[in-house]
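Okay, so here's the structure we're looking at.
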Amino acid sequence: MVTMETLVSLCKRRGFVFQSSEIYGGTGSCWDYGPLGVELKNKIKRVWWRDFVQQRSDMVGLDASILMHPTVWKASGHVDHFTDPMVDCLECHHRFRADQLDELDWVHYCPATKGNKFTIPAGEACTHCQSRRTLCPDCGKGQLTPPRQFNLMFKTFMGPVEEDAAVTYLRPETAQGIFVNFENVLQSMRRKLPFGIGQIGKAFRNEITPGNFIFRTREFEQMEIEYFVNPHDTVEGRPADEYWHDRWIEDCRAWFLRYGVEAEHLRLHEHDRAELAHYSKRTADLQYRFPIGWSELMGIANRTDFDLKQHAKWSGKALTYFDEERKEHVVPYVVEPSAGVDRALLAFLADAYREEEVRGEKRVVLRFHPELAPVSVAVLPLLKKRDDIVRTALALRDELSRHWTAVYDDTAAIGRLYRRQDEVGTPYCVTVDVQTVGGSDRGEVADGKVTIRDRDSMEQIRVEASRLVAVFGDLLSGKSWADVAAGVGRA
Ligand code: ATP
């Protein structure tokens, strides 16, 4: 599996992700998406929205504000409970989440080997003296303070006066924006249960130990769904909330597989009682085998009627649904599939990364799903000194860019240009050559055809330039290279 260092370096070199404010030394745990990163991220969000909101008749969308009424966070429990236990090392002053200490490799000066320094794998005992970690895992010397609870919400002030009454928070999750709009959506869209509201947006958490590149940051994006079901309904003989919970787990897993994540890199982790949030009846995490090990990619929780009841209590508004059949008001149960955009991007990136050997040379290729690849098509001139070739290539790029992300590049020889596109995951390159444009003064006859090269097989086909939009229409909407190539004949 690819290492995080390799990904971080590729991301910087090829314009996917830069450290935020780098020229000032960078900020802790904030990252900026560069020209290719923003394309990849936008495409992930776009296909998520299309598949889960646009194409489903039981879903609608929402875009709530980041700053909300401060009582929202009282009602949701975030002011009182959205905390992590924090400990500090008295020696090196490094800070840790108390509940994650045993997930860290730890430095140990072993008394059984005259104080030799070892780094011992997370959770394991020293093989020489059998002792377990009690001191700071980083320096191996300092005592740790007792845990203190630390609230992860970023506080800010609404308006010009910095006083207690003006305190508000940057939202730590997008979910609450959906709950407080439940009634608005219900009324304006005349929905019947079950239905869901999807939202994509920024969330902020003042994480104690951010890190691992874009895996854990203080500012990130979420793609969340709150799916409302009638708790008195049954589906296939099961309570509706439990049925829909399983359905959403399967739909989310299928979504990641559809866009290229390998099945063996995904697994389900059920929360046990101790891990379960206070509002949850059952939570299952979809974990991905990140370069840092198996970790949460997204969570799918059954939040019951907790949130709607809390907001009803604090706002004094009835957040209920009228069940016409039973002639009763019910508070819907909510199933919440919640994914991080940045973690999804990291998973797609790690999964796409391959190092291959081609004719004795190393080829780095990102095998992104064609719909996710930051650049869909690169148009390359075989000879940059021939004006007619360059002009044709530029015109083709312009035409293709009306439909997809298309780039033109003539800054190297063709072999090099292909490798560069492979490294950023461009699924198809189009090459314009002498035959395409011909040249009456030289007696060359134009055939009006261009070469399309497939990133994964490196096969080439020759196609009339006038048919490119139709051919890419097929290739970029799921038709396989083999089928398209069979239709036009290989070059
Ligand atoms: P973790 O246990 O990793 O802190 P969480 O269980 O607190 O995550 P949720 O509150 O369930 O996370 O948030 C839903 C999703 O939002 C997560 O599965 C993850 O993809 C994303 N997410 C949460 N916190 C962060 C963060 N600090 N940086 C990037 N993505 C995050």
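Each chain of the structure tokens is named A, B, ... in the order shown, its residues numbered from 1; ligands are numbered from 1 in display order.
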> What residues have any atom no more than 10 Å from ligand 1 when counting only C-alpha atoms and all ligand atoms, and can you list them as a PyMOL selection string?
Replying inline: chain A and resi 29-30+82+84+152+172-175+202-224+275-277+283-287+295-301+336-345
Per-residue nearest contacts of segment 351-452 of chain A to segment 260-267 of chain A (12 Å; only C-alpha atoms) as JSON lines:
```
{"residue": "A:Asp351", "atom": "CA", "partner": "A:Val261", "partner_atom": "CA", "distance": 5.9}
{"residue": "A:Ala352", "atom": "CA", "partner": "A:Gly260", "partner_atom": "CA", "distance": 7.6}
{"residue": "A:Tyr353", "atom": "CA", "partner": "A:Val261", "partner_atom": "CA", "distance": 11.0}
{"residue": "A:Leu366", "atom": "CA", "partner": "A:Gly260", "partner_atom": "CA", "distance": 11.1}
{"residue": "A:Arg367", "atom": "CA", "partner": "A:Gly260", "partner_atom": "CA", "distance": 8.4}
{"residue": "A:Phe368", "atom": "CA", "partner": "A:Gly260", "partner_atom": "CA", "distance": 7.0}
{"residue": "A:His369", "atom": "CA", "partner": "A:Gly260", "partner_atom": "CA", "distance": 5.8}
{"residue": "A:Pro370", "atom": "CA", "partner": "A:Gly260", "partner_atom": "CA", "distance": 9.5}
{"residue": "A:Glu371", "atom": "CA", "partner": "A:Gly260", "partner_atom": "CA", "distance": 10.3}
{"residue": "A:Leu372", "atom": "CA", "partner": "A:Gly260", "partner_atom": "CA", "distance": 9.5}
{"residue": "A:Ala373", "atom": "CA", "partner": "A:Gly260", "partner_atom": "CA", "distance": 11.2}
```
Written selection (all heavy atoms) as an mmCIF file, in the first residue's frame:
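Saved as again.cif:
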```
data_model
loop_
_atom_site.group_PDB
_atom_site.id
_atom_site.type_symbol
_atom_site.label_atom_id
_atom_site.label_comp_id
_atom_site.auth_asym_id
_atom_site.auth_seq_id
_atom_site.Cartn_x
_atom_site.Cartn_y
_atom_site.Cartn_z
ATOM 1 N N ASP A 351 -6.402 4.601 -3.084
ATOM 2 C CA ASP A 351 -6.815 3.410 -3.803
ATOM 3 C C ASP A 351 -6.411 3.442 -5.267
ATOM 4 O O ASP A 351 -6.182 2.404 -5.896
ATOM 5 C CB ASP A 351 -8.332 3.240 -3.707
ATOM 6 C CG ASP A 351 -8.683 1.855 -3.268
ATOM 7 O OD1 ASP A 351 -8.646 1.592 -2.065
ATOM 8 O OD2 ASP A 351 -8.952 1.026 -4.160
ATOM 9 N N ALA A 352 -6.335 4.671 -5.810
ATOM 10 C CA ALA A 352 -6.032 4.809 -7.236
ATOM 11 C C ALA A 352 -4.534 4.673 -7.509
ATOM 12 O O ALA A 352 -4.132 4.386 -8.633
ATOM 13 C CB ALA A 352 -6.523 6.173 -7.728
ATOM 14 N N TYR A 353 -3.714 4.882 -6.480
ATOM 15 C CA TYR A 353 -2.262 4.962 -6.699
ATOM 16 C C TYR A 353 -1.641 3.614 -7.070
ATOM 17 O O TYR A 353 -1.823 2.638 -6.369
ATOM 18 C CB TYR A 353 -1.585 5.509 -5.442
ATOM 19 C CG TYR A 353 -0.110 5.780 -5.638
ATOM 20 C CD1 TYR A 353 0.332 7.021 -6.058
ATOM 21 C CD2 TYR A 353 0.826 4.772 -5.422
ATOM 22 C CE1 TYR A 353 1.694 7.254 -6.258
ATOM 23 C CE2 TYR A 353 2.179 4.998 -5.624
ATOM 24 C CZ TYR A 353 2.602 6.248 -6.041
ATOM 25 O OH TYR A 353 3.931 6.481 -6.242
ATOM 26 N N LEU A 366 -2.451 7.112 -11.418
ATOM 27 C CA LEU A 366 -3.614 7.172 -10.533
ATOM 28 C C LEU A 366 -4.792 6.626 -11.330
ATOM 29 O O LEU A 366 -5.241 7.256 -12.280
ATOM 30 C CB LEU A 366 -3.894 8.612 -10.087
ATOM 31 C CG LEU A 366 -2.877 9.258 -9.153
ATOM 32 C CD1 LEU A 366 -3.256 10.702 -8.840
ATOM 33 C CD2 LEU A 366 -2.747 8.470 -7.851
ATOM 34 N N ARG A 367 -5.251 5.446 -10.943
ATOM 35 C CA ARG A 367 -6.344 4.834 -11.700
ATOM 36 C C ARG A 367 -7.690 5.310 -11.167
ATOM 37 O O ARG A 367 -8.501 4.517 -10.684
ATOM 38 C CB ARG A 367 -6.245 3.315 -11.614
ATOM 39 C CG ARG A 367 -5.098 2.754 -12.427
ATOM 40 C CD ARG A 367 -5.034 1.243 -12.261
ATOM 41 N NE ARG A 367 -3.980 0.671 -13.079
ATOM 42 C CZ ARG A 367 -4.207 0.022 -14.223
ATOM 43 N NH1 ARG A 367 -5.423 -0.115 -14.689
ATOM 44 N NH2 ARG A 367 -3.191 -0.499 -14.893
ATOM 45 N N PHE A 368 -7.908 6.616 -11.245
ATOM 46 C CA PHE A 368 -9.192 7.172 -10.809
ATOM 47 C C PHE A 368 -10.318 6.683 -11.708
ATOM 48 O O PHE A 368 -10.128 6.490 -12.920
ATOM 49 C CB PHE A 368 -9.189 8.700 -10.949
ATOM 50 C CG PHE A 368 -8.427 9.431 -9.897
ATOM 51 C CD1 PHE A 368 -7.496 10.392 -10.246
ATOM 52 C CD2 PHE A 368 -8.655 9.199 -8.541
ATOM 53 C CE1 PHE A 368 -6.793 11.103 -9.290
ATOM 54 C CE2 PHE A 368 -7.960 9.896 -7.574
ATOM 55 C CZ PHE A 368 -7.032 10.852 -7.954
ATOM 56 N N HIS A 369 -11.494 6.541 -11.125
ATOM 57 C CA HIS A 369 -12.696 6.321 -11.922
ATOM 58 C C HIS A 369 -12.824 7.507 -12.892
ATOM 59 O O HIS A 369 -12.606 8.655 -12.495
ATOM 60 C CB HIS A 369 -13.907 6.270 -10.987
ATOM 61 C CG HIS A 369 -15.178 5.931 -11.679
ATOM 62 N ND1 HIS A 369 -15.898 6.859 -12.394
ATOM 63 C CD2 HIS A 369 -15.862 4.768 -11.776
ATOM 64 C CE1 HIS A 369 -16.964 6.277 -12.905
ATOM 65 N NE2 HIS A 369 -16.969 5.001 -12.542
ATOM 66 N N PRO A 370 -13.176 7.255 -14.163
ATOM 67 C CA PRO A 370 -13.224 8.357 -15.133
ATOM 68 C C PRO A 370 -14.086 9.541 -14.690
ATOM 69 O O PRO A 370 -13.779 10.691 -15.022
ATOM 70 C CB PRO A 370 -13.823 7.702 -16.380
ATOM 71 C CG PRO A 370 -13.513 6.248 -16.232
ATOM 72 C CD PRO A 370 -13.464 5.961 -14.770
ATOM 73 N N GLU A 371 -15.133 9.275 -13.927
ATOM 74 C CA GLU A 371 -15.978 10.400 -13.500
ATOM 75 C C GLU A 371 -15.354 11.220 -12.375
ATOM 76 O O GLU A 371 -15.824 12.299 -12.056
ATOM 77 C CB GLU A 371 -17.353 9.890 -13.062
ATOM 78 C CG GLU A 371 -18.208 9.475 -14.231
ATOM 79 C CD GLU A 371 -19.654 9.330 -13.827
ATOM 80 O OE1 GLU A 371 -20.352 10.343 -13.703
ATOM 81 O OE2 GLU A 371 -20.075 8.170 -13.611
ATOM 82 N N LEU A 372 -14.333 10.672 -11.717
ATOM 83 C CA LEU A 372 -13.703 11.410 -10.621
ATOM 84 C C LEU A 372 -12.394 12.076 -11.038
ATOM 85 O O LEU A 372 -11.950 13.028 -10.396
ATOM 86 C CB LEU A 372 -13.406 10.465 -9.442
ATOM 87 C CG LEU A 372 -14.593 9.822 -8.740
ATOM 88 C CD1 LEU A 372 -14.112 9.079 -7.501
ATOM 89 C CD2 LEU A 372 -15.646 10.846 -8.344
ATOM 90 N N ALA A 373 -11.770 11.580 -12.086
ATOM 91 C CA ALA A 373 -10.452 12.089 -12.472
ATOM 92 C C ALA A 373 -10.495 13.603 -12.633
ATOM 93 O O ALA A 373 -11.402 14.131 -13.285
ATOM 94 C CB ALA A 373 -10.017 11.429 -13.770
#
```
Restrict the calculation to only C-alpha atoms, then for each residue of segment 338-364 of chain A with any atom at most 10 Å from an atom of segment 5-21 of chain A give the closest atom pair and their distance in Å to one decimal, rows by chain and rising residue number, as JSON lines.
```
{"residue": "A:Leu346", "atom": "CA", "partner": "A:Leu7", "partner_atom": "CA", "distance": 8.9}
{"residue": "A:Leu349", "atom": "CA", "partner": "A:Leu7", "partner_atom": "CA", "distance": 7.9}
{"residue": "A:Ala350", "atom": "CA", "partner": "A:Leu7", "partner_atom": "CA", "distance": 7.3}
{"residue": "A:Tyr353", "atom": "CA", "partner": "A:Leu7", "partner_atom": "CA", "distance": 8.4}
```
Output file for the residues above (N, CA, C and O atoms, as an mmCIF file, in the first residue's frame):
```cif
data_model
loop_
_atom_site.group_PDB
_atom_site.id
_atom_site.type_symbol
_atom_site.label_atom_id
_atom_site.label_comp_id
_atom_site.auth_asym_id
_atom_site.auth_seq_id
_atom_site.Cartn_x
_atom_site.Cartn_y
_atom_site.Cartn_z
ATOM 1 N N LEU A 346 -9.126 11.266 0.147
ATOM 2 C CA LEU A 346 -7.894 10.556 0.514
ATOM 3 C C LEU A 346 -8.017 9.063 0.185
ATOM 4 O O LEU A 346 -7.070 8.441 -0.305
ATOM 5 N N LEU A 349 -7.834 8.577 -3.569
ATOM 6 C CA LEU A 349 -6.459 8.837 -3.998
ATOM 7 C C LEU A 349 -5.564 7.635 -3.671
ATOM 8 O O LEU A 349 -4.814 7.140 -4.528
ATOM 9 N N ALA A 350 -5.645 7.170 -2.428
ATOM 10 C CA ALA A 350 -4.795 6.048 -2.009
ATOM 11 C C ALA A 350 -5.122 4.801 -2.822
ATOM 12 O O ALA A 350 -4.233 4.046 -3.216
ATOM 13 N N TYR A 353 -3.714 4.882 -6.480
ATOM 14 C CA TYR A 353 -2.262 4.962 -6.699
ATOM 15 C C TYR A 353 -1.641 3.614 -7.070
ATOM 16 O O TYR A 353 -1.823 2.638 -6.369
#
```
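Using only C-alpha atoms, the smallest distance between any of A:Thr71, A:Gln143, A:Thr119, A:Asn181 and Leu104 of chain A comes from A:Thr119.
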If you count only C-alpha atoms, which residues fall within 12 Å of Arg386 of chain A, apart from same-chain ones fewer than 6 positions away, as a compact mmCIF listing (two decimals) with N, CA, C and O atoms, in the first residue's frame?
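Result written to selection-v1.txt:
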```txt
# COMPACT_ATOMS: atom_id res chain seq x y z
N THR A 392 -5.33 22.91 -34.25
CA THR A 392 -6.37 21.87 -34.19
C THR A 392 -6.51 21.34 -32.76
O THR A 392 -7.62 21.16 -32.25
N ALA A 393 -5.37 21.12 -32.12
CA ALA A 393 -5.41 20.59 -30.75
C ALA A 393 -6.08 21.58 -29.79
O ALA A 393 -6.91 21.20 -28.96
N ASP A 410 1.75 21.12 -24.26
CA ASP A 410 2.75 20.87 -25.30
C ASP A 410 4.16 21.11 -24.77
O ASP A 410 5.06 21.41 -25.51
N VAL A 432 -3.01 14.86 -31.51
CA VAL A 432 -3.19 15.36 -32.87
C VAL A 432 -1.85 15.23 -33.58
O VAL A 432 -0.83 15.69 -33.06
N ASP A 433 -1.84 14.60 -34.75
CA ASP A 433 -0.56 14.40 -35.42
C ASP A 433 -0.62 14.89 -36.87
O ASP A 433 -1.60 15.50 -37.29
N VAL A 434 0.43 14.58 -37.61
CA VAL A 434 0.54 15.06 -38.99
C VAL A 434 -0.62 14.55 -39.83
O VAL A 434 -1.22 15.29 -40.62
N THR A 436 -3.57 13.87 -38.94
CA THR A 436 -4.84 14.51 -38.61
C THR A 436 -5.09 15.71 -39.52
O THR A 436 -6.19 15.89 -40.05
N VAL A 437 -4.05 16.53 -39.65
CA VAL A 437 -4.24 17.81 -40.37
C VAL A 437 -3.74 17.76 -41.81
O VAL A 437 -4.12 18.60 -42.63
N GLY A 438 -2.88 16.80 -42.12
CA GLY A 438 -2.32 16.71 -43.47
C GLY A 438 -1.45 17.92 -43.79
O GLY A 438 -0.97 18.63 -42.90
N GLY A 439 -1.22 18.21 -45.03
CA GLY A 439 -0.40 19.36 -45.43
C GLY A 439 -0.23 19.29 -46.92
O GLY A 439 0.58 18.50 -47.43
```
>> Run DSSP on the backbone and tell me which residues of segment 217-419 of chain A come out as alpha helix (DSSP H); list them as a PyMOL selection string.
In response: chain A and resi 240-258+306-315+341-352+387-400+414-419
> Could you state the separation of atom CA of Ser76 of chain A and atom CA of Arg191 of chain A in Å, given to one decimal place?
Replying inline: 24.2 Å
> atom CA of Tyr227 of chain A and atom CA of Thr304 of chain A are how many Å apart?
Replying inline: 10.5 Å
>> When DSSP is applied to the backbone of this structure, which of segment 25-249 of chain A are assigned strand (DSSP E)? Write them out as a PyMOL selection string.
In response: chain A and resi 31-33+59-62+83-88+95-97+106-110+116-120+148-151+155-157+167-169+195-204+219-229+234-235+238-239
>> Which residues are close to Ala125 of chain A, i.e. within 12 Å by only C-alpha atoms, leaving aside same-chain residues fewer than 6 positions away? Reply as a ChimeraX atom specification.
In response: /A:102,105-108,110,118-119,131-134
